[in-house]
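Here's work-v1.pdb, which has PDB, C-alpha atoms:
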```pdb
ATOM      1  CA  MET A  99       2.394  61.794  43.427
ATOM      2  CA  SER A 100       1.683  59.543  40.638
ATOM      3  CA  GLU A 101      -0.503  56.643  41.403
ATOM      4  CA  GLU A 102       0.407  53.402  39.778
ATOM      5  CA  ALA A 103      -2.131  50.694  39.273
ATOM      6  CA  PRO A 104      -1.244  47.614  41.203
ATOM      7  CA  ALA A 105       0.197  44.956  38.913
ATOM      8  CA  PRO A 106      -2.237  42.123  38.428
ATOM      9  CA  ALA A 107      -1.222  39.032  40.267
ATOM     10  CA  ALA A 108       0.420  36.571  37.946
ATOM     11  CA  ALA A 109      -1.827  33.623  37.301
ATOM     12  CA  PRO A 110      -0.449  30.491  38.846
ATOM     13  CA  ALA A 111       1.458  28.543  36.241
ATOM     14  CA  LYS A 112      -0.549  25.597  35.055
ATOM     15  CA  ALA A 113       1.206  22.312  35.093
ATOM     16  CA  ALA A 114       2.212  21.492  31.558
ATOM     17  CA  LYS A 115       0.112  18.650  30.330
ATOM     18  CA  LYS A 116       2.167  15.929  28.803
ATOM     19  CA  LYS A 117       0.645  14.557  25.683
ATOM     20  CA  THR A 118       0.457  10.861  26.045
ATOM     21  CA  THR A 119      -0.194   9.796  22.505
ATOM     22  CA  ALA A 120      -0.396   6.095  22.472
ATOM     23  CA  SER A 121       1.590   4.921  19.502
ATOM     24  CA  LYS A 122      -0.483   2.844  17.176
ATOM     25  CA  PRO A 123       0.506  -0.780  17.048
ATOM     26  CA  LYS A 124       2.354  -1.760  13.901
ATOM     27  CA  LYS A 125       0.065  -3.318  11.334
ATOM     28  CA  VAL A 126       0.677  -6.993  10.920
ATOM     29  CA  GLY A 127       0.517  -8.669   7.562
ATOM     30  CA  PRO A 128       1.777  -7.804   4.107
ATOM     31  CA  SER A 129       1.843  -4.270   2.767
ATOM     32  CA  VAL A 130      -0.488  -3.049   0.042
ATOM     33  CA  GLY A 131       2.304  -3.268  -2.508
ATOM     34  CA  GLU A 132       2.961  -6.906  -1.681
ATOM     35  CA  LEU A 133      -0.754  -7.710  -1.940
ATOM     36  CA  ILE A 134      -0.895  -6.036  -5.355
ATOM     37  CA  VAL A 135       2.176  -7.940  -6.566
ATOM     38  CA  LYS A 136       0.619 -11.223  -5.432
ATOM     39  CA  ALA A 137      -2.674 -10.409  -7.174
ATOM     40  CA  VAL A 138      -0.936  -9.545 -10.443
ATOM     41  CA  ALA A 139       1.335 -12.587 -10.240
ATOM     42  CA  ALA A 140      -1.632 -14.884  -9.656
ATOM     43  CA  SER A 141      -3.401 -13.575 -12.740
ATOM     44  CA  LYS A 142      -3.152 -15.577 -15.944
ATOM     45  CA  GLU A 143      -4.298 -12.714 -18.164
ATOM     46  CA  ARG A 144      -1.917 -12.110 -21.018
ATOM     47  CA  SER A 145      -2.613  -8.385 -21.225
ATOM     48  CA  GLY A 146      -2.346  -7.845 -17.475
ATOM     49  CA  VAL A 147      -4.787  -7.019 -14.699
ATOM     50  CA  SER A 148      -6.926  -3.894 -14.707
ATOM     51  CA  ALA A 149      -6.911  -1.523 -11.761
ATOM     52  CA  ALA A 150     -10.561  -2.355 -11.068
ATOM     53  CA  ALA A 151      -9.773  -6.085 -11.021
ATOM     54  CA  LEU A 152      -6.859  -5.391  -8.666
ATOM     55  CA  LYS A 153      -9.172  -3.583  -6.275
ATOM     56  CA  LYS A 154     -11.664  -6.456  -6.434
ATOM     57  CA  ALA A 155      -8.900  -8.941  -5.691
ATOM     58  CA  LEU A 156      -7.722  -6.875  -2.717
ATOM     59  CA  ALA A 157     -11.279  -6.605  -1.411
ATOM     60  CA  ALA A 158     -11.738 -10.369  -1.789
ATOM     61  CA  GLY A 159      -8.578 -10.853   0.253
ATOM     62  CA  GLY A 160     -10.038  -8.814   3.116
ATOM     63  CA  TYR A 161      -8.420  -5.431   2.412
ATOM     64  CA  ASP A 162     -10.683  -2.389   2.839
ATOM     65  CA  VAL A 163     -10.255  -0.702  -0.544
ATOM     66  CA  ASP A 164     -12.921   1.970  -0.026
ATOM     67  CA  LYS A 165     -11.185   3.232   3.108
ATOM     68  CA  ASN A 166      -7.684   3.136   1.554
ATOM     69  CA  LYS A 167      -8.231   4.327  -2.024
ATOM     70  CA  ALA A 168      -5.322   6.749  -1.939
ATOM     71  CA  ARG A 169      -2.993   4.154  -0.464
ATOM     72  CA  VAL A 170      -3.829   1.695  -3.243
ATOM     73  CA  LYS A 171      -3.250   4.359  -5.908
ATOM     74  CA  THR A 172       0.116   5.391  -4.534
ATOM     75  CA  ALA A 173       1.167   1.755  -4.160
ATOM     76  CA  ILE A 174       0.347   1.057  -7.808
ATOM     77  CA  LYS A 175       2.188   4.176  -8.957
ATOM     78  CA  SER A 176       5.253   3.365  -6.873
ATOM     79  CA  LEU A 177       5.373  -0.233  -8.129
ATOM     80  CA  VAL A 178       5.291   1.055 -11.704
ATOM     81  CA  ALA A 179       7.987   3.629 -10.905
ATOM     82  CA  LYS A 180      10.203   0.964  -9.294
ATOM     83  CA  GLY A 181       9.793  -1.275 -12.305
ATOM     84  CA  THR A 182       8.081  -4.109 -10.462
ATOM     85  CA  LEU A 183       4.930  -3.676 -12.564
ATOM     86  CA  VAL A 184       4.612  -2.642 -16.186
ATOM     87  CA  GLN A 185       1.635  -0.573 -17.239
ATOM     88  CA  THR A 186       0.215  -2.039 -20.448
ATOM     89  CA  LYS A 187      -2.735   0.351 -20.828
ATOM     90  CA  GLY A 188      -3.737   3.689 -19.359
ATOM     91  CA  THR A 189      -1.856   6.283 -17.326
ATOM     92  CA  GLY A 190      -1.238   6.871 -13.641
ATOM     93  CA  ALA A 191      -2.968   4.383 -11.379
ATOM     94  CA  SER A 192      -5.591   3.418 -13.949
ATOM     95  CA  GLY A 193      -5.292   0.944 -16.773
ATOM     96  CA  SER A 194      -3.828  -2.541 -16.871
ATOM     97  CA  PHE A 195      -0.702  -3.840 -15.173
ATOM     98  CA  LYS A 196       1.438  -6.944 -15.439
ATOM     99  CA  MET A 197       4.606  -8.188 -13.839
ATOM    100  CA  ASN A 198       7.883  -6.919 -15.215
ATOM    101  CA  LYS A 199      10.054  -9.714 -16.543
ATOM    102  CA  LYS A 200      13.126  -7.920 -15.194
ATOM    103  CA  ALA A 201      11.695  -7.116 -11.751
ATOM    104  CA  ASP A 202      13.600  -7.193  -8.476
ATOM    105  CA  PRO A 203      14.480 -10.647  -7.085
ATOM    106  CA  HIS A 204      11.914 -10.624  -4.264
ATOM    107  CA  CYS A 205       9.015 -10.003  -6.640
ATOM    108  CA  GLN A 206      10.351 -12.611  -9.034
ATOM    109  CA  TYR A 207      10.397 -15.095  -6.143
ATOM    110  CA  ILE A 208       6.750 -14.334  -5.335
ATOM    111  CA  PHE A 209       5.814 -14.577  -9.004
ATOM    112  CA  HIS A 210       7.509 -17.941  -9.546
ATOM    113  CA  THR A 211       6.187 -19.376  -6.279
ATOM    114  CA  ILE A 212       2.618 -18.507  -7.221
ATOM    115  CA  GLN A 213       3.107 -19.870 -10.731
ATOM    116  CA  LEU A 214       4.489 -23.102  -9.309
ATOM    117  CA  HIS A 215       1.567 -23.560  -6.914
ATOM    118  CA  THR A 216      -1.027 -22.854  -9.587
ATOM    119  CA  LYS A 217       0.529 -25.485 -11.856
ATOM    120  CA  VAL A 218       0.766 -28.086  -9.107
ATOM    121  CA  TYR A 219      -2.733 -27.620  -7.729
ATOM    122  CA  SER A 220      -4.541 -26.991 -11.002
TER     123      SER A 220
END
```

Output the structure of this file as structure tokens.
Amino acid sequence: MSEEAPAPAAAPAKAAKKKTTASKPKKVGPSVGELIVKAVAASKERSGVSAAALKKALAAGGYDVDKNKARVKTAIKSLVAKGTLVQTKGTGASGSFKMNKKADPHCQYIFHTIQLHTKVYS
């Protein structure tokens, strides 16, 4: 006569909670890369625009640079890697940058449009 302990009653299965993650609304407005290209294109400096001046220009345009430091750095690095910007001084995301003469057509369009408007309104 072996006594077996009664099996514990199985806990009632909890209803699986469905995660209702509200998808964030898509950010409206230009990307960081486009803002950087516009800031560099608007500059009349012969040697290019420094990274610090780029950040100041973004902040003046209403972009929160302190909150998005990493995003700005990666955008600068990717624009240099794509060939849109040329790094005249420094390495990585620091130094000075100017527009590449042989950049992609979209960036050339932005560059020439800004140049045209600065000549007309100056």

How many Å separate CA of Ala158 (chain A) from CA of Lys125 (chain A)? 19.0 Å

For the structure shown, which residues end up in the PyMOL selection byres ((chain A and resi 133) around 12)? Put them as a ChimeraX atom specification, please? /A:127-132,134-140,152-161,163,170,173-174,177,205,208-209

Reference answer for the PyMOL selection byres ((chain A and resi 182) around 7), as a ChimeraX atom specification: /A:177-178,180-181,183-184,197-198,201-202

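Counting from CA of Ala151 (chain A), the distance to CA of Gly193 (chain A) is 10.1 Å.
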
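Here CA of Ala149 (chain A) and CA of Asn166 (chain A) stand 14.1 Å from one another.
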
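Candidate residues A:Lys200, A:Pro123, A:Thr189, A:Ala150 were compared for distance to Lys167 (chain A), and the nearest is A:Ala150, using all atoms listed in the file.
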
Shortest contact to Glu143 (chain A), candidates A:Thr211, A:Thr186, A:Ser192, A:Ser121, atoms counted all atoms listed in the file, goes to A:Thr186

Please identify all polymer residues within 6 Å of Gly146 (chain A), counting all atoms listed in the file, omitting same-chain residues fewer than 4 positions from it, and present them as an NGL selection string. :A and (194-196)

Resulting file, chosen residues, C-alpha atoms, as a CSV table (one decimal), in the coordinates of the input:
```
chain,number,residue,atom,x,y,z
A,194,SER,CA,-3.8,-2.5,-16.9
A,195,PHE,CA,-0.7,-3.8,-15.2
A,196,LYS,CA,1.4,-6.9,-15.4
```

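Ranking A:Ser148, A:Lys122, A:Lys142, A:Lys171 by their shortest atom-to-atom distance to Gly188 (chain A), with all atoms listed in the file included, puts A:Ser148 first.
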
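Closest to Lys187 (chain A) among A:Asp162, A:Arg169, A:Ser145, A:Lys175 is A:Ser145, based on all atoms listed in the file.
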